[in-house]
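A.B. asks: Data: run.txt, compact mmCIF, C-alpha atoms and all ligand atoms.
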# COMPACT_ATOMS: atom_id res chain seq x y z
CA MET A 197 91.22 82.56 -34.31
CA ILE A 198 90.60 85.90 -32.57
CA LEU A 199 87.39 85.28 -30.66
CA ALA A 200 87.32 85.33 -26.85
CA SER A 201 84.31 82.99 -26.55
CA SER A 202 82.61 80.05 -28.24
CA THR A 203 78.98 79.92 -29.32
CA HIS A 204 76.73 77.96 -26.96
CA PRO A 205 76.01 74.38 -28.18
CA ARG A 206 72.25 75.09 -28.11
CA TRP A 207 72.58 77.88 -30.69
CA PHE A 208 72.32 75.55 -33.71
CA ALA A 209 68.83 74.32 -32.73
CA ALA A 210 67.55 77.90 -32.39
CA ALA A 211 69.23 79.10 -35.58
CA SER A 212 68.07 76.20 -37.74
CA GLY A 213 64.57 76.09 -36.21
CA ASP A 214 63.23 78.51 -38.84
CA LEU A 215 65.33 77.99 -41.99
CA GLN A 216 63.52 80.65 -44.01
CA ALA A 217 64.21 83.29 -41.31
CA LEU A 218 67.83 82.13 -40.98
CA LEU A 219 68.51 82.27 -44.74
CA SER A 220 66.78 85.64 -44.96
CA ASP A 221 68.91 87.08 -42.16
CA HIS A 222 72.00 85.49 -43.68
CA LEU A 223 71.29 87.10 -47.06
CA HIS A 224 71.13 90.52 -45.41
CA CYS A 225 74.37 89.82 -43.45
CA GLU A 226 76.17 89.11 -46.74
CA ARG A 227 74.68 92.27 -48.31
CA LYS A 228 75.79 94.37 -45.34
CA ALA A 229 79.29 92.84 -45.46
CA ALA A 230 79.58 93.92 -49.12
CA GLU A 231 78.19 97.37 -48.34
CA ASN A 232 80.51 97.80 -45.36
CA ALA A 233 83.59 96.96 -47.45
CA LEU A 234 82.53 99.43 -50.16
CA SER A 235 81.75 102.11 -47.56
CA LEU A 236 85.38 101.84 -46.38
CA VAL A 237 86.46 102.45 -50.00
CA ARG A 238 84.20 105.51 -50.05
CA ARG A 239 85.62 106.84 -46.76
CA TYR A 240 89.28 106.00 -47.41
CA PRO A 241 89.82 106.18 -51.20
CA HIS A 242 93.39 107.49 -50.71
CA ARG A 243 94.45 104.20 -49.07
CA ALA A 244 95.40 102.46 -52.29
CA ASP A 245 96.71 99.44 -50.34
CA SER A 246 93.25 98.61 -49.03
CA VAL A 247 91.01 99.67 -51.95
CA GLY A 248 91.82 96.57 -54.03
CA ALA A 249 91.45 94.15 -51.10
CA LEU A 250 88.15 95.70 -49.98
CA GLY A 251 86.79 95.75 -53.54
CA ARG A 252 87.59 92.03 -53.96
CA LEU A 253 86.02 91.28 -50.59
CA ALA A 254 82.83 93.18 -51.51
CA HIS A 255 82.74 91.24 -54.79
CA GLU A 256 82.94 87.93 -52.94
CA GLU A 257 80.29 88.98 -50.38
CA THR A 258 78.00 89.93 -53.28
CA SER A 259 78.49 86.45 -54.72
CA HIS A 260 77.41 85.10 -51.31
CA VAL A 261 74.21 87.20 -51.51
CA ILE A 262 73.49 85.53 -54.86
CA GLN A 263 74.22 82.04 -53.48
CA VAL A 264 71.94 82.49 -50.46
CA ALA A 265 69.21 83.93 -52.73
CA GLU A 266 69.51 80.79 -54.91
CA ARG A 267 69.09 78.51 -51.86
CA MET A 268 65.94 80.47 -50.93
CA ALA A 269 64.55 80.42 -54.49
CA GLU A 270 65.02 76.62 -54.67
CA ARG A 271 62.65 76.39 -51.72
CA GLY A 272 60.17 78.90 -53.14
CA TRP A 273 61.08 81.49 -50.50
CA THR A 274 61.50 85.24 -50.89
CA PRO A 275 63.89 87.17 -48.63
CA ARG A 276 62.13 89.05 -45.85
CA PRO A 277 62.82 92.71 -45.10
CA ASP A 278 65.94 93.28 -43.03
CA THR A 279 65.68 93.83 -39.28
CA PRO A 280 68.26 95.70 -37.15
CA ASN A 281 71.37 93.68 -36.31
CA LEU A 282 71.89 94.54 -32.64
CA TYR A 283 75.18 92.62 -32.54
CA ALA A 284 76.86 94.58 -35.35
CA ARG A 285 75.33 97.83 -34.19
CA ALA A 286 76.78 97.40 -30.65
CA LEU A 287 80.19 96.50 -32.05
CA PHE A 288 80.33 99.48 -34.44
CA ALA A 289 79.38 101.72 -31.47
CA GLU A 290 82.86 100.89 -30.10
CA VAL A 291 84.61 102.59 -33.06
CA ARG A 292 86.59 105.54 -31.65
CA GLY A 293 86.08 109.02 -33.05
CA CYS A 294 89.49 110.22 -31.88
CA GLY A 295 91.21 110.68 -35.23
CA GLU A 296 93.12 108.59 -37.73
CA PRO A 297 94.44 105.97 -38.09
CA GLU A 298 92.68 104.86 -34.84
CA ARG A 299 89.21 105.23 -36.36
CA LEU A 300 90.08 103.16 -39.42
CA VAL A 301 91.84 100.56 -37.24
CA ASP A 302 88.62 100.16 -35.24
CA PHE A 303 86.46 99.86 -38.37
CA LEU A 304 88.81 97.14 -39.65
CA LEU A 305 89.00 95.29 -36.32
CA VAL A 306 85.22 95.36 -35.83
CA ALA A 307 84.82 93.97 -39.35
CA ALA A 308 87.42 91.28 -38.51
CA PHE A 309 85.45 90.22 -35.41
CA ILE A 310 82.16 90.08 -37.33
CA GLU A 311 83.85 87.93 -40.00
CA ALA A 312 85.46 85.69 -37.36
CA ARG A 313 82.15 85.17 -35.55
CA SER A 314 80.40 84.56 -38.88
CA HIS A 315 83.07 81.96 -39.67
CA GLU A 316 82.50 80.23 -36.32
CA ARG A 317 78.72 80.18 -36.77
CA LEU A 318 78.68 79.17 -40.45
CA ASP A 319 81.05 76.35 -39.46
CA LEU A 320 78.54 75.26 -36.77
CA LEU A 321 75.76 75.36 -39.40
CA ALA A 322 77.91 73.28 -41.77
CA ARG A 323 78.53 70.60 -39.14
CA GLY A 324 74.97 70.73 -37.81
CA PHE A 325 73.25 70.40 -41.18
CA VAL A 326 75.54 67.51 -42.24
CA SER A 327 74.85 65.65 -39.00
CA HIS A 328 71.09 66.19 -39.46
CA GLY A 329 71.17 64.68 -42.97
CA GLU A 330 71.04 68.04 -44.81
CA SER A 331 74.31 67.46 -46.65
CA GLU A 332 73.76 69.91 -49.50
CA LEU A 333 73.07 72.75 -47.07
CA GLY A 334 75.99 71.60 -44.93
CA TRP A 335 78.45 71.76 -47.82
CA PHE A 336 77.05 75.12 -48.85
CA TYR A 337 77.80 76.49 -45.37
CA ARG A 338 81.22 74.83 -45.33
CA GLY A 339 82.28 76.84 -48.39
CA LEU A 340 80.96 80.12 -46.98
CA ALA A 341 82.55 79.50 -43.55
CA ASN A 342 85.97 79.13 -45.17
CA ALA A 343 85.51 82.42 -47.04
CA GLU A 344 84.56 84.33 -43.87
CA GLU A 345 87.72 83.06 -42.15
CA ARG A 346 89.79 84.50 -45.01
CA HIS A 347 87.92 87.79 -44.74
CA ALA A 348 88.75 88.06 -41.02
CA GLU A 349 92.43 87.62 -41.92
CA THR A 350 92.17 90.29 -44.64
CA PHE A 351 90.73 92.86 -42.21
CA LEU A 352 93.31 91.98 -39.55
CA SER A 353 96.24 92.38 -41.93
CA LEU A 354 94.91 95.74 -43.19
CA ALA A 355 94.67 96.92 -39.55
CA ALA A 356 98.14 95.55 -38.73
CA ALA A 357 99.66 97.76 -41.45
CA LEU A 358 98.39 100.93 -39.74
CA VAL A 359 99.65 100.83 -36.13
CA PRO A 360 102.45 99.21 -34.07
CA ALA A 361 101.81 95.62 -32.96
CA ASP A 362 101.44 96.48 -29.25
CA LEU A 363 98.75 99.10 -29.90
CA LEU A 364 96.92 96.75 -32.26
CA GLY A 365 97.15 93.91 -29.73
CA ALA A 366 95.66 96.04 -26.93
CA ARG A 367 92.77 97.21 -29.10
CA ARG A 368 92.17 93.70 -30.38
CA ALA A 369 92.04 92.33 -26.81
CA PHE A 370 89.56 95.04 -25.78
CA LEU A 371 87.29 94.38 -28.75
CA ALA A 372 87.52 90.60 -28.29
CA ALA A 373 86.19 90.94 -24.74
CA ARG A 374 83.52 93.41 -25.84
CA GLU A 375 82.42 91.16 -28.72
CA ALA A 376 82.00 88.19 -26.36
CA GLU A 377 80.01 90.37 -23.93
CA ILE A 378 77.70 91.71 -26.67
CA LEU A 379 77.06 88.23 -28.06
CA ALA A 380 76.37 86.72 -24.62
CA ALA A 381 73.63 89.31 -24.00
CA LEU A 382 71.70 88.39 -27.16
CA PRO A 383 69.04 85.65 -27.32
CA HIS A 384 69.48 82.58 -29.55
CA THR A 385 67.19 83.07 -32.54
CA ALA A 386 67.04 82.12 -36.23
CA ARG A 387 69.76 84.57 -37.25
CA ILE A 388 73.49 84.38 -37.83
CA HIS A 389 74.14 86.70 -34.84
FE FE B 1 80.23 86.30 -46.93
FE FE B 2 82.84 87.87 -45.14
Could I get this structure in the form of structure tokens?

C.D. replies:
Amino acid sequence: MILASSTHPRWFAAASGDLQALLSDHLHCERKAAENALSLVRRYPHRADSVGALGRLAHEETSHVIQVAERMAERGWTPRPDTPNLYARALFAEVRGCGEPERLVDFLLVAAFIEARSHERLDLLARGFVSHGESELGWFYRGLANAEERHAETFLSLAAALVPADLLGARRAFLAAREAEILAALPHTARIH
């Protein structure tokens, strides 16, 4: 939808090569998505238009944490400690500190790109697991992929309400190119990104 690049076809093999590591990383991604949405509520409580949407989004991300934890428990696995997410860290480093609403627009756009990339990759996991005979896991990822696509749209529409379309478009194009660049520099491992 908004991404400037597609994930390399070889990514699925690397990501699914260590399912316990992948699910563990995924669980932490969902936790951080919930935390990020709630941190925007903490920073911008006066924006009543976004508080409800962000609260609902955090609620849904928390339900994803529970669902991933269940998939791990079924296999007798415990989530591992989180490790730094270099992808998200590099993207959030692009958030401008030049005042509002630009800063909030960047937070929302970065979140939209992370959701969009998560959607693309969970969709690849859904297709990959189904084609490798892991239908239950495939359908699990199908449901989550659809949710992340909706979340990207939520963040984009919150950003669109803050600045004129031409300014939003320019910032979105810059971040799309940056996101593709950041992703291309990272190795393929058993993580979502
Ligand atoms: Fe999620
Ligand atoms: Fe999400």

A.B. asks: Which one of A:Ala210, A:Ala230, A:Leu358, A:Ala372 sits closest to ligand FE 1 (chain B) if you count only C-alpha atoms and all ligand atoms?

C.D. replies: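 Of all the options, A:Ala230 lies closest to ligand FE 1 (chain B).
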
A.B. asks: Find the axis-aligned box for stretch 268-283 of chain A, covering all its listed atoms and adding 3 Å on each side, and write its centre and edge lengths in Å to one decimal as JSON.

C.D. replies:
{"center_x": 67.7, "center_y": 86.0, "center_z": -43.6, "size_x": 21.0, "size_y": 25.3, "size_z": 28.1}

A.B. asks: Give the residues close to ligand FE 2 (chain B), within 8 Å, counting all atoms listed in the file; write them as a tab-separated table (two decimals) with C-alpha atoms, keeping the file's coordinate frame.

C.D. replies:
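Resulting contents of part.tsv:
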chain	number	residue	atom	x	y	z
A	226	GLU	CA	76.17	89.11	-46.74
A	229	ALA	CA	79.29	92.84	-45.46
A	230	ALA	CA	79.58	93.92	-49.12
A	253	LEU	CA	86.02	91.28	-50.59
A	256	GLU	CA	82.94	87.93	-52.94
A	257	GLU	CA	80.29	88.98	-50.38
A	311	GLU	CA	83.85	87.93	-40.00
A	314	SER	CA	80.40	84.56	-38.88
A	343	ALA	CA	85.51	82.42	-47.04
A	344	GLU	CA	84.56	84.33	-43.87
A	345	GLU	CA	87.72	83.06	-42.15
A	346	ARG	CA	89.79	84.50	-45.01
A	347	HIS	CA	87.92	87.79	-44.74
A	348	ALA	CA	88.75	88.06	-41.02

A.B. asks: Here is a test: counting all atoms listed in the file, which residue of A:Ala322, A:Ala233, A:Ala355, A:Ala380 is nearest to ligand FE 1 (chain B)?

C.D. replies: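 That would be A:Ala233, the residue with the smallest distance to ligand FE 1 (chain B).
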
A.B. asks: Would you work out the distance separating atom CA of A:Leu223 from atom CA of A:Arg292, expressed in Å to one decimal?

C.D. replies: 28.5 Å

A.B. asks: Counting all atoms listed in the file, figure out which residue out of A:Phe288, A:Phe325, A:Leu304, A:Glu266 gets nearest to A:Glu375.

C.D. replies: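 Among A:Phe288, A:Phe325, A:Leu304, A:Glu266, it is A:Phe288 that comes nearest to A:Glu375.
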